[in-house]
Amino acid sequence: MMDKFVQADQYIDSYLSESIAALRAVETVAPVLNEMSQRIANAIRTDNTVFLCGNGGSYAMAQHFAAELSVRFELDRPSFRAHTLGTDGVVLTAMSNDYAFEQVFSRSLSAIGKAGDILLAMSTSGTSANVLNALERAQEMGITRLGFTGEQGTSFVGHCDVTFCAPSRRTAFVQEAHLIGLHAICARLDVEFSKPET
C-alpha cells in the first residue's frame with residue numbers, strides 16, 4: 001500500500017513540472033494576447049459587445065472572463081459589455097430540441113450579435129461543432145473572431161482572425177494556459193481603461 005502512495009506522490013511532482021513547463025511557454029504567445037487585447041479594447045470604445053462560447057471547462061472559463069469584463073478584474077474601471085452565449089437554460093434547451101446542439105451558439109449570436117462585436121470562442125480540441133458553427137456565423141455577420149485552442153487545434157486557426165494556441169496537447173494544461181491568457185488580457189484592459197486616482 002505504501003508503494004502506491006509513493007507513486008502517487010511522485011506523479012503529482014511530475015504533473016506539476018509538466019504544467020509549469022507548459023505555462024512558461026505561454027510567454028512566447030504574448031504578441032497574440034496583445035493583439036486580442038487591442039481588438040477587444042477597440043470594440044469596447046465603440047460600445048460593442050464581447051460574446052463568448054465554449055463547452056465544459058471552456059464554458060466555465062468563458063463565463064469567468066465575461067464576469068471579469070462586466071464587473072472588474074483588479075482595478076476600478078468602467079464595466080464592459082460581455083455575454084456568454086448559452087447561459088439561458090430555456091433558450092439553450094429550446095434550441096437544442098428544435099434545431100440541434102451544434103447550433104446553440106450560432107443561433108444565439110444571430111439573435112443578439114452585430115457587426116463590430118467580438119466573439120471569443122474556446123475549444124481545447126479545436127473540433128467542437130457548436131463553437132465552429134458560431135465562428136462561421138460570426139464571419140458572416142462581420143464579428144471579429146478570437147479563438148483559444150491547444151496545439152491539436154490546427155484547423156480551428158483557420159476559423160479565427162486571431163488565435164491563441166496553448167503550447168500543449170493535454171486538456172488540463174491547455175485550460176490552465178487559457179486562464180493565464182485571459183487574465184493577461186484583463187490586466188491590459190485594466191491599465192487602458194482604469195480610472196485615474198483622485
# chains A, B, ... in the order shown; residues from 1 in each chain; ligands from 1
$ select_by_dssp --residues "region 11-195 of chain A" --states "strand (DSSP E or B)" --output "MDAnalysis selection string"
chainID A and resid 50:53 82:84 118:122 144:150 162:166
$ residues_around --residues "region 22-39 of chain A" --least-positions-apart "4" --cutoff "9 Å" --atoms "only C-alpha atoms" --output "PyMOL selection string"
chain A and resi 17-18+43-44+118+144+146+162-168+173-174+176-177+180-182+184-186+188-189
$ select_by_dssp --residues "region 8-164 of chain A" --states "alpha helix (DSSP H)" --output "PyMOL selection string"
chain A and resi 8-24+30-45+57-70+89-98+104-112+129-141+154-157
$ closest_residue --among "A:Asp47, A:Asp88, A:Glu68, A:Glu74" --to "Asp190 (chain A)" --atoms "only C-alpha atoms"
A:Glu74
$ closest_residue --among "A:Asn48, A:Ser194, A:Gln175, A:Thr87" --to "Leu119 (chain A)" --atoms "only C-alpha atoms"
A:Asn48
$ closest_residue --among "A:Val157, A:Ala21, A:Ala66, A:Leu85" --to "Ala111 (chain A)" --atoms "only C-alpha atoms"
A:Leu85
$ closest_residue --among "A:Lys114, A:Phe65, A:Asn130, A:Thr154" --to "Met95 (chain A)" --atoms "only C-alpha atoms"
A:Asn130
$ atom_distance --atom1 "CA of Ser155 (chain A)" --atom2 "CA of Leu52 (chain A)"
19.4 Å
$ closest_residue --among "A:Met141, A:Gly153, A:Glu192, A:Leu179" --to "Leu75 (chain A)" --atoms "only C-alpha atoms"
A:Glu192
$ atom_distance --atom1 "CA of Ser108 (chain A)" --atom2 "CA of Gly86 (chain A)"
7.5 Å
$ atom_distance --atom1 "CA of His178 (chain A)" --atom2 "CA of Arg81 (chain A)"
20.7 Å
